[in-house]
file target28.tsv (TSV, C-alpha atoms and all ligand atoms)
chain	number	residue	atom	x	y	z
A	1	MET	CA	77.16	79.65	106.12
A	2	ALA	CA	80.04	82.09	105.62
A	3	LEU	CA	80.76	84.72	102.96
A	4	THR	CA	83.57	83.89	100.54
A	5	VAL	CA	85.58	86.56	98.74
A	6	GLN	CA	83.47	85.79	95.65
A	7	ASP	CA	80.28	86.34	97.68
A	8	VAL	CA	81.51	89.75	98.80
A	9	VAL	CA	82.42	90.71	95.22
A	10	ALA	CA	78.97	89.51	94.12
A	11	TRP	CA	77.41	91.61	96.91
A	12	ILE	CA	78.97	94.81	95.56
A	13	ASP	CA	78.10	93.87	91.97
A	14	LYS	CA	74.50	93.16	92.92
A	15	SER	CA	74.27	96.39	94.95
A	16	ASN	CA	75.43	98.26	91.88
A	17	GLU	CA	72.89	96.45	89.71
A	18	THR	CA	69.88	97.23	91.92
A	19	ILE	CA	70.99	100.82	92.45
A	20	GLN	CA	71.33	101.37	88.68
A	21	THR	CA	67.87	99.86	88.18
A	22	ASN	CA	66.37	102.12	90.86
A	23	LYS	CA	68.44	105.23	90.16
A	24	ASP	CA	65.47	107.32	88.99
A	25	TYR	CA	63.35	106.24	91.95
A	26	LEU	CA	66.12	107.27	94.38
A	27	THR	CA	66.33	110.62	92.64
A	28	THR	CA	62.56	111.06	92.93
A	29	LEU	CA	62.79	110.42	96.67
A	30	ASP	CA	65.55	113.02	97.00
A	31	GLN	CA	63.55	115.52	94.92
A	32	ALA	CA	60.82	115.41	97.57
A	33	ILE	CA	62.99	116.06	100.64
A	34	GLY	CA	66.45	116.96	99.33
A	35	ASP	CA	68.23	118.27	96.25
A	36	GLY	CA	67.38	115.46	93.86
A	37	ASP	CA	70.82	113.99	93.30
A	38	HIS	CA	70.86	110.88	95.50
A	39	GLY	CA	70.18	108.45	92.63
A	40	ILE	CA	72.92	110.04	90.54
A	41	ASN	CA	75.33	110.09	93.49
A	42	VAL	CA	75.02	106.46	94.55
A	43	ALA	CA	74.72	105.18	90.96
A	44	ARG	CA	78.03	106.85	90.14
A	45	GLY	CA	79.68	105.59	93.33
A	46	PHE	CA	78.60	101.95	92.99
A	47	GLN	CA	79.32	101.91	89.25
A	48	GLU	CA	82.90	102.96	90.02
A	49	ALA	CA	83.19	100.57	92.96
A	50	ALA	CA	82.01	97.61	90.87
A	51	ALA	CA	84.46	98.58	88.10
A	52	LYS	CA	87.29	98.92	90.60
A	53	ILE	CA	86.80	95.49	92.16
A	54	ALA	CA	86.28	93.84	88.77
A	55	ASP	CA	89.92	94.71	88.04
A	56	GLY	CA	91.28	93.10	91.19
A	57	ASN	CA	92.23	89.50	91.82
A	58	TYR	CA	91.17	89.48	95.45
A	59	THR	CA	92.12	86.90	98.04
A	60	SER	CA	90.50	88.66	101.02
A	61	SER	CA	87.05	90.13	101.65
A	62	ALA	CA	88.61	92.93	103.66
A	63	ASP	CA	90.43	94.18	100.54
A	64	VAL	CA	87.24	94.10	98.44
A	65	LEU	CA	85.38	96.06	101.12
A	66	LYS	CA	88.22	98.53	101.57
A	67	ASP	CA	88.45	99.31	97.84
A	68	THR	CA	84.66	99.66	97.79
A	69	ALA	CA	84.80	102.07	100.74
A	70	MET	CA	87.52	104.23	99.22
A	71	THR	CA	85.74	104.42	95.87
A	72	LEU	CA	82.37	105.31	97.43
A	73	MET	CA	84.00	107.95	99.58
A	74	SER	CA	85.67	109.67	96.64
A	75	LYS	CA	83.00	109.20	93.95
A	76	ILE	CA	79.58	109.66	95.55
A	77	GLY	CA	80.05	113.32	96.30
A	78	GLY	CA	76.99	114.07	98.47
A	79	ALA	CA	76.58	113.70	102.22
A	80	SER	CA	75.97	109.99	101.76
A	81	GLY	CA	79.46	109.35	100.25
A	82	PRO	CA	81.55	109.56	103.42
A	83	LEU	CA	78.81	107.70	105.32
A	84	PHE	CA	78.69	104.71	102.95
A	85	GLY	CA	82.48	104.91	102.77
A	86	THR	CA	82.73	104.71	106.55
A	87	ALA	CA	80.28	101.80	106.69
A	88	PHE	CA	82.27	99.67	104.23
A	89	LEU	CA	85.58	100.67	105.79
A	90	LYS	CA	84.40	99.56	109.24
A	91	LEU	CA	83.14	96.31	107.74
A	92	SER	CA	86.51	95.81	106.07
A	93	THR	CA	88.44	96.30	109.29
A	94	ALA	CA	86.15	93.96	111.20
A	95	VAL	CA	86.47	91.06	108.75
A	96	LYS	CA	90.21	91.39	108.17
A	97	GLY	CA	91.96	88.03	108.38
A	98	ASN	CA	88.64	86.21	108.61
A	99	ASP	CA	88.02	84.50	105.27
A	100	PRO	CA	85.47	83.20	104.66
A	101	VAL	CA	83.57	85.73	106.77
A	102	ASP	CA	81.50	83.94	109.40
A	103	TYR	CA	78.17	85.25	110.69
A	104	ALA	CA	79.44	86.52	114.05
A	105	THR	CA	82.29	88.46	112.45
A	106	PHE	CA	79.99	90.01	109.87
A	107	THR	CA	77.55	90.99	112.63
A	108	THR	CA	80.37	92.67	114.58
A	109	GLY	CA	81.29	94.49	111.37
A	110	LEU	CA	77.75	95.79	110.97
A	111	LYS	CA	77.74	97.10	114.54
A	112	GLU	CA	81.05	98.86	113.90
A	113	ALA	CA	79.63	100.26	110.66
A	114	VAL	CA	76.65	101.73	112.54
A	115	ASN	CA	78.92	103.29	115.17
A	116	GLY	CA	81.06	104.76	112.40
A	117	ILE	CA	78.11	106.19	110.47
A	118	LYS	CA	76.63	107.72	113.62
A	119	GLN	CA	79.93	109.27	114.63
A	120	ARG	CA	80.63	110.67	111.18
A	121	GLY	CA	77.13	112.07	110.54
A	122	LYS	CA	76.37	112.96	114.17
A	123	ALA	CA	72.96	111.38	113.74
A	124	ILE	CA	71.16	108.93	115.99
A	125	GLU	CA	68.25	106.58	115.34
A	126	GLY	CA	64.92	108.19	114.46
A	127	GLU	CA	66.29	111.21	112.60
A	128	LYS	CA	65.21	109.86	109.22
A	129	THR	CA	68.64	109.07	107.82
A	130	LEU	CA	70.34	105.94	106.55
A	131	VAL	CA	71.17	105.21	110.22
A	132	ASP	CA	67.53	104.07	110.37
A	133	VAL	CA	68.28	101.15	108.07
A	134	TRP	CA	71.83	100.27	109.14
A	135	SER	CA	71.08	100.35	112.88
A	136	PRO	CA	67.97	98.12	112.86
A	137	MET	CA	69.79	95.76	110.48
A	138	ALA	CA	72.75	95.46	112.86
A	139	ASP	CA	70.27	94.76	115.69
A	140	PHE	CA	68.49	92.20	113.54
A	141	PHE	CA	71.75	90.39	112.73
A	142	SER	CA	72.55	90.32	116.47
A	143	ARG	CA	69.22	88.64	117.22
A	144	GLN	CA	69.65	85.97	114.52
A	145	ALA	CA	72.12	83.09	114.49
A	146	ASP	CA	72.91	82.77	110.78
A	147	PHE	CA	72.52	84.43	107.37
A	148	ASP	CA	68.95	84.21	106.06
A	149	GLY	CA	68.40	86.02	102.78
A	150	GLU	CA	64.62	86.09	102.92
A	151	LYS	CA	64.51	87.58	106.43
A	152	ILE	CA	67.26	90.10	105.70
A	153	ALA	CA	65.37	91.43	102.66
A	154	GLU	CA	62.13	91.66	104.63
A	155	GLU	CA	63.76	93.42	107.58
A	156	ALA	CA	65.54	95.96	105.36
A	157	LYS	CA	62.31	96.82	103.57
A	158	ASN	CA	60.48	97.30	106.88
A	159	ALA	CA	63.24	99.56	108.20
A	160	MET	CA	63.19	101.67	105.04
A	161	GLU	CA	59.42	102.04	105.22
A	162	GLN	CA	59.58	103.07	108.88
A	163	THR	CA	61.45	106.22	107.81
A	164	LYS	CA	58.19	107.45	106.25
A	165	THR	CA	56.78	108.21	109.67
A	166	MET	CA	59.86	110.09	110.87
A	167	THR	CA	60.56	113.82	110.76
A	168	ALA	CA	64.01	114.68	109.40
A	169	THR	CA	66.36	116.46	111.78
A	170	LYS	CA	69.70	115.81	109.99
A	171	GLY	CA	70.98	116.42	106.48
A	172	ARG	CA	69.20	118.41	103.76
A	173	ALA	CA	65.81	116.85	104.57
A	174	ALA	CA	65.93	118.63	107.95
A	175	TYR	CA	65.20	121.91	106.13
A	176	PHE	CA	61.83	120.44	105.20
A	177	LYS	CA	60.96	119.78	108.85
A	178	GLU	CA	57.40	118.33	109.13
A	179	ARG	CA	57.09	118.48	105.35
A	180	SER	CA	59.50	115.53	105.29
A	181	ASP	CA	56.81	113.41	107.02
A	182	GLY	CA	55.27	110.73	104.82
A	183	HIS	CA	58.34	110.44	102.58
A	184	ILE	CA	60.87	107.61	102.52
A	185	ASP	CA	64.41	108.79	103.25
A	186	PRO	CA	66.50	108.43	100.05
A	187	GLY	CA	69.63	107.18	101.84
A	188	SER	CA	67.53	104.57	103.65
A	189	ALA	CA	66.18	103.39	100.29
A	190	SER	CA	69.66	102.97	98.79
A	191	SER	CA	70.79	101.26	102.00
A	192	CYS	CA	67.81	98.91	101.68
A	193	TYR	CA	69.01	97.99	98.18
A	194	ILE	CA	72.47	97.20	99.58
A	195	PHE	CA	70.94	94.77	102.10
A	196	LYS	CA	68.64	93.32	99.45
A	197	ALA	CA	71.70	92.67	97.30
A	198	LEU	CA	73.30	90.87	100.24
A	199	ALA	CA	70.11	88.85	100.69
A	200	ASP	CA	70.22	87.87	97.00
A	201	VAL	CA	73.81	86.66	97.32
A	202	ILE	CA	72.94	84.65	100.43
A	203	GLY	CA	69.71	83.25	99.02
A	204	GLY	CA	67.29	81.40	101.16
B	301	LIG	P1	73.24	115.39	99.72
B	301	LIG	O1	72.23	115.52	100.81
B	301	LIG	O2	74.54	116.04	100.03
B	301	LIG	O3	72.69	115.78	98.38
B	301	LIG	P2	72.78	112.58	99.06
B	301	LIG	O4	71.56	113.04	98.36
B	301	LIG	O5	73.68	111.68	98.29
B	301	LIG	O6	73.61	113.80	99.62
B	301	LIG	O7	72.39	111.76	100.36
B	301	LIG	C1	71.28	112.10	101.17
B	301	LIG	C2	71.12	111.03	102.22
B	301	LIG	O8	72.24	111.02	103.10
B	301	LIG	C3	69.92	111.24	103.11
B	301	LIG	O9	68.76	110.66	102.53
B	301	LIG	C4	70.32	110.55	104.42
B	301	LIG	O10	69.96	109.18	104.43
B	301	LIG	C5	71.82	110.64	104.40
B	301	LIG	N1	72.32	111.63	105.36
B	301	LIG	C6	72.43	112.96	105.19
B	301	LIG	N2	72.96	113.54	106.28
B	301	LIG	C7	73.17	112.56	107.19
B	301	LIG	C8	73.71	112.49	108.52
B	301	LIG	N3	74.14	113.56	109.15
B	301	LIG	N4	73.78	111.27	109.11
B	301	LIG	C9	73.36	110.16	108.48
B	301	LIG	N5	72.86	110.16	107.22
B	301	LIG	C10	72.77	111.33	106.59
B	302	MG	MG	70.90	114.86	97.65
B	303	MG	MG	73.60	116.97	96.84
call {"tool": "encode", "arguments": {"input": "target28.tsv", "output": "structure tokens", "more": "lines below"}}
Ligand code: ADP
Ligand code: MG
Ligand code: MG
result
Amino acid sequence: MALTVQDVVAWIDKSNETIQTNKDYLTTLDQAIGDGDHGINVARGFQEAAAKIADGNYTSSADVLKDTAMTLMSKIGGASGPLFGTAFLKLSTAVKGNDPVDYATFTTGLKEAVNGIKQRGKAIEGEKTLVDVWSPMADFFSRQADFDGEKIAEEAKNAMEQTKTMTATKGRAAYFKERSDGHIDPGSASSCYIFKALADVIGG
């Protein structure tokens, strides 16, 4: 299969929906190993992004992803804003001129997104940040041959849960050192919702 412009719009809408539903949970996670605003931050960002793209009459996925990126970057506020912004901007660039977006192109976009996030946040895998969902997901897409909603959702959940066993060394959670052990990273949880939303759009 391939992602149509409507699929990409639905992806952002669905991401917004799940993030609004789980806003309080995301805040609870950030209260344990951060400053307790992650739910508020991403809920605001995705609300604005969904509103922004609802206004547009898009003919390319790259434009939807670019407007999403710009909105997330300016509206989220916290450390996660520029990182999610970078991820969607890299995806946008990678899929430009490729409608509908085929699996290989989307996979390349995810790899670019991971590189962008890592560069921007100066974090690598295993530091208990949202890199620990985006990076394994990009690897997972590389191993597979086509979109599979069920597997994507399962993989994202596993990646998010893996962050429980990690000790934070980047971002606010790093101040908690070993006390961050046993907690799910908030940015990994919101990232998991983004991949779950994609899985919902794909179905399967
Ligand atoms: P803030 O920490 O400024 O309050 P948020 O609460 O919105 O921002 O986001 C926190 C999340 O951002 C963390 O759970 C983590 O996943 C992610 N994060 C923070 N710093 C980094 C970094 N340097 N690299 C990658 N991700 C990071
Ligand atoms: Mg926070
Ligand atoms: Mg904050």
call {"tool": "atom_distance", "arguments": {"input": "target28.tsv", "atom1": "CA of Ile117 in chain A", "atom2": "CA of Leu83 in chain A"}}
result
5.4 Å
call {"tool": "closest_atom_pairs", "arguments": {"input": "target28.tsv", "of": "chain A", "to": "ligand MG 303 (chain B)", "cutoff": "7 Å", "atoms": "all atoms listed in the file", "output": "Markdown table"}}
result
| residue | atom | partner | partner_atom | distance |
| --- | --- | --- | --- | --- |
| A:Asp35 | CA | B:MG303 | MG | 5.6 |
| A:Asp37 | CA | B:MG303 | MG | 5.4 |
| A:His38 | CA | B:MG303 | MG | 6.8 |
| A:Gly78 | CA | B:MG303 | MG | 4.7 |
| A:Ala79 | CA | B:MG303 | MG | 7.0 |
call {"tool": "atom_distance", "arguments": {"input": "target28.tsv", "atom1": "CA of Thr107 in chain A", "atom2": "CA of Ala138 in chain A"}}
result
6.6 Å
call {"tool": "closest_residue", "arguments": {"input": "target28.tsv", "among": "A:Gly36, A:Gly203, A:Gly56, A:Gly126", "to": "Ala159 in chain A", "atoms": "only C-alpha atoms"}}
result
A:Gly126
call {"tool": "residues_near_ligand", "arguments": {"input": "target28.tsv", "ligand": "ligand MG 302 (chain B)", "cutoff": "10 Å", "atoms": "all atoms listed in the file", "output": "number ranges by chain"}}
result
A: 26-27, 29-31, 33-42, 77-80, 171-173, 186-187
call {"tool": "atom_distance", "arguments": {"input": "target28.tsv", "atom1": "atom O7 of ligand LIG 301 (chain B)", "atom2": "CA of Thr129 in chain A"}}
result
8.8 Å
call {"tool": "closest_residue", "arguments": {"input": "target28.tsv", "among": "A:Asn158, A:Thr71, A:Thr28, A:Gln6", "to": "ligand LIG 301 (chain B)", "atoms": "only C-alpha atoms and all ligand atoms"}}
result
A:Thr28
call {"tool": "closest_residue", "arguments": {"input": "target28.tsv", "among": "A:Ala153, A:Val8, A:Ala43, A:Ala94", "to": "ligand LIG 301 (chain B)", "atoms": "only C-alpha atoms and all ligand atoms"}}
result
A:Ala43
call {"tool": "closest_residue", "arguments": {"input": "target28.tsv", "among": "A:Val95, A:Ile152, A:Met137, A:Ala54", "to": "Lys66 in chain A", "atoms": "all atoms listed in the file"}}
result
A:Val95
call {"tool": "closest_residue", "arguments": {"input": "target28.tsv", "among": "A:Ala62, A:Met160, A:Ala50, A:Cys192", "to": "Val101 in chain A", "atoms": "only C-alpha atoms"}}
result
A:Ala62
call {"tool": "residues_around", "arguments": {"input": "target28.tsv", "residues": "range 176-183 of chain A", "least_positions_apart": "5", "cutoff": "8 Å", "atoms": "only C-alpha atoms", "output": "PyMOL selection string"}}
result
chain A and resi 29+32-33+163-169
call {"tool": "closest_residue", "arguments": {"input": "target28.tsv", "among": "A:Arg44, A:Lys75, A:Lys170, A:Lys157", "to": "Glu127 in chain A", "atoms": "all atoms listed in the file"}}
result
A:Lys170
call {"tool": "residues_around", "arguments": {"input": "target28.tsv", "residues": "Trp134 in chain A", "least_positions_apart": "5", "cutoff": "8 Å", "atoms": "only C-alpha atoms", "output": "ChimeraX atom specification"}}
result
/A:110,113-114,191
call {"tool": "write_last_selection", "arguments": {"input": "target28.tsv", "atoms": "C-alpha atoms", "output": "PDB file, in the frame of the given file"}}
result
ATOM      1  CA  LEU A 110      77.750  95.790 110.970  1.00  0.00           C
ATOM      2  CA  ALA A 113      79.630 100.260 110.660  1.00  0.00           C
ATOM      3  CA  VAL A 114      76.650 101.730 112.540  1.00  0.00           C
ATOM      4  CA  SER A 191      70.790 101.260 102.000  1.00  0.00           C
TER       5      SER A 191
END
call {"tool": "residues_around", "arguments": {"input": "target28.tsv", "residues": "Ala145 in chain A", "least_positions_apart": "2", "cutoff": "9 Å", "atoms": "all atoms listed in the file", "output": "count of residues only"}}
result
6
call {"tool": "residues_around", "arguments": {"input": "target28.tsv", "residues": "range 59-61 of chain A", "least_positions_apart": "6", "cutoff": "9 Å", "atoms": "all atoms listed in the file", "output": "compact mmCIF listing (two decimals) with C-alpha atoms, in the frame of the given file"}}
result
# COMPACT_ATOMS: atom_id res chain seq x y z
CA LEU A 3 80.76 84.72 102.96
CA THR A 4 83.57 83.89 100.54
CA VAL A 5 85.58 86.56 98.74
CA GLN A 6 83.47 85.79 95.65
CA ASP A 7 80.28 86.34 97.68
CA VAL A 8 81.51 89.75 98.80
CA VAL A 9 82.42 90.71 95.22
CA SER A 92 86.51 95.81 106.07
CA VAL A 95 86.47 91.06 108.75
CA LYS A 96 90.21 91.39 108.17
CA GLY A 97 91.96 88.03 108.38
CA ASN A 98 88.64 86.21 108.61
CA ASP A 99 88.02 84.50 105.27
CA PRO A 100 85.47 83.20 104.66
CA VAL A 101 83.57 85.73 106.77
call {"tool": "decode", "arguments": {"input": "target28.tsv", "residues": "range 149-174 of chain A", "atoms": "N, CA and C atoms", "output": "PDB file, in the first residue's frame"}}
result
ATOM      1  N   GLY A 149      -0.284  -2.327  10.028  1.00  0.00           N
ATOM      2  CA  GLY A 149      -0.756  -1.590  11.198  1.00  0.00           C
ATOM      3  C   GLY A 149      -0.585  -2.327  12.510  1.00  0.00           C
ATOM      4  N   GLU A 150      -0.957  -3.597  12.504  1.00  0.00           N
ATOM      5  CA  GLU A 150      -0.912  -4.376  13.744  1.00  0.00           C
ATOM      6  C   GLU A 150       0.514  -4.469  14.291  1.00  0.00           C
ATOM      7  N   LYS A 151       1.451  -4.764  13.388  1.00  0.00           N
ATOM      8  CA  LYS A 151       2.858  -4.905  13.811  1.00  0.00           C
ATOM      9  C   LYS A 151       3.458  -3.575  14.242  1.00  0.00           C
ATOM     10  N   ILE A 152       3.088  -2.510  13.546  1.00  0.00           N
ATOM     11  CA  ILE A 152       3.613  -1.176  13.885  1.00  0.00           C
ATOM     12  C   ILE A 152       3.184  -0.804  15.309  1.00  0.00           C
ATOM     13  N   ALA A 153       1.909  -1.030  15.616  1.00  0.00           N
ATOM     14  CA  ALA A 153       1.385  -0.692  16.946  1.00  0.00           C
ATOM     15  C   ALA A 153       2.097  -1.496  18.031  1.00  0.00           C
ATOM     16  N   GLU A 154       2.312  -2.773  17.751  1.00  0.00           N
ATOM     17  CA  GLU A 154       2.957  -3.669  18.709  1.00  0.00           C
ATOM     18  C   GLU A 154       4.415  -3.245  18.957  1.00  0.00           C
ATOM     19  N   GLU A 155       5.105  -2.942  17.884  1.00  0.00           N
ATOM     20  CA  GLU A 155       6.515  -2.550  17.957  1.00  0.00           C
ATOM     21  C   GLU A 155       6.683  -1.227  18.723  1.00  0.00           C
ATOM     22  N   ALA A 156       5.786  -0.284  18.460  1.00  0.00           N
ATOM     23  CA  ALA A 156       5.871   1.023  19.127  1.00  0.00           C
ATOM     24  C   ALA A 156       5.653   0.872  20.632  1.00  0.00           C
ATOM     25  N   LYS A 157       4.704   0.015  21.000  1.00  0.00           N
ATOM     26  CA  LYS A 157       4.413  -0.204  22.414  1.00  0.00           C
ATOM     27  C   LYS A 157       5.615  -0.853  23.109  1.00  0.00           C
ATOM     28  N   ASN A 158       6.202  -1.845  22.438  1.00  0.00           N
ATOM     29  CA  ASN A 158       7.400  -2.495  23.001  1.00  0.00           C
ATOM     30  C   ASN A 158       8.522  -1.494  23.217  1.00  0.00           C
ATOM     31  N   ALA A 159       8.754  -0.652  22.212  1.00  0.00           N
ATOM     32  CA  ALA A 159       9.842   0.334  22.298  1.00  0.00           C
ATOM     33  C   ALA A 159       9.599   1.283  23.463  1.00  0.00           C
ATOM     34  N   MET A 160       8.371   1.752  23.583  1.00  0.00           N
ATOM     35  CA  MET A 160       8.029   2.663  24.685  1.00  0.00           C
ATOM     36  C   MET A 160       8.296   1.981  26.029  1.00  0.00           C
ATOM     37  N   GLU A 161       7.883   0.731  26.147  1.00  0.00           N
ATOM     38  CA  GLU A 161       8.034   0.033  27.428  1.00  0.00           C
ATOM     39  C   GLU A 161       9.494  -0.240  27.771  1.00  0.00           C
ATOM     40  N   GLN A 162      10.311  -0.417  26.741  1.00  0.00           N
ATOM     41  CA  GLN A 162      11.758  -0.610  26.954  1.00  0.00           C
ATOM     42  C   GLN A 162      12.386   0.577  27.674  1.00  0.00           C
ATOM     43  N   THR A 163      11.810   1.771  27.520  1.00  0.00           N
ATOM     44  CA  THR A 163      12.427   2.952  28.146  1.00  0.00           C
ATOM     45  C   THR A 163      12.352   2.874  29.674  1.00  0.00           C
ATOM     46  N   LYS A 164      11.467   2.041  30.186  1.00  0.00           N
ATOM     47  CA  LYS A 164      11.341   1.833  31.633  1.00  0.00           C
ATOM     48  C   LYS A 164      12.663   1.387  32.259  1.00  0.00           C
ATOM     49  N   THR A 165      13.377   0.551  31.543  1.00  0.00           N
ATOM     50  CA  THR A 165      14.595  -0.034  32.104  1.00  0.00           C
ATOM     51  C   THR A 165      15.828   0.849  31.888  1.00  0.00           C
ATOM     52  N   MET A 166      15.635   1.995  31.246  1.00  0.00           N
ATOM     53  CA  MET A 166      16.782   2.863  30.954  1.00  0.00           C
ATOM     54  C   MET A 166      16.944   3.945  32.026  1.00  0.00           C
ATOM     55  N   THR A 167      18.170   4.408  32.176  1.00  0.00           N
ATOM     56  CA  THR A 167      18.461   5.538  33.057  1.00  0.00           C
ATOM     57  C   THR A 167      18.621   6.779  32.192  1.00  0.00           C
ATOM     58  N   ALA A 168      17.931   7.850  32.543  1.00  0.00           N
ATOM     59  CA  ALA A 168      17.952   9.065  31.718  1.00  0.00           C
ATOM     60  C   ALA A 168      19.289   9.792  31.824  1.00  0.00           C
ATOM     61  N   THR A 169      19.828  10.166  30.671  1.00  0.00           N
ATOM     62  CA  THR A 169      21.073  10.939  30.657  1.00  0.00           C
ATOM     63  C   THR A 169      20.940  12.213  29.800  1.00  0.00           C
ATOM     64  N   LYS A 170      19.734  12.452  29.274  1.00  0.00           N
ATOM     65  CA  LYS A 170      19.474  13.672  28.489  1.00  0.00           C
ATOM     66  C   LYS A 170      18.149  14.284  28.919  1.00  0.00           C
ATOM     67  N   GLY A 171      18.009  15.575  28.725  1.00  0.00           N
ATOM     68  CA  GLY A 171      16.763  16.257  29.068  1.00  0.00           C
ATOM     69  C   GLY A 171      16.582  16.382  30.579  1.00  0.00           C
ATOM     70  N   ARG A 172      15.409  16.868  30.982  1.00  0.00           N
ATOM     71  CA  ARG A 172      15.129  17.082  32.411  1.00  0.00           C
ATOM     72  C   ARG A 172      15.235  15.810  33.234  1.00  0.00           C
ATOM     73  N   ALA A 173      14.844  14.683  32.657  1.00  0.00           N
ATOM     74  CA  ALA A 173      14.838  13.411  33.390  1.00  0.00           C
ATOM     75  C   ALA A 173      16.241  13.035  33.858  1.00  0.00           C
ATOM     76  N   ALA A 174      17.271  13.580  33.179  1.00  0.00           N
ATOM     77  CA  ALA A 174      18.656  13.262  33.542  1.00  0.00           C
ATOM     78  C   ALA A 174      18.980  13.740  34.952  1.00  0.00           C
TER      79      ALA A 174
END
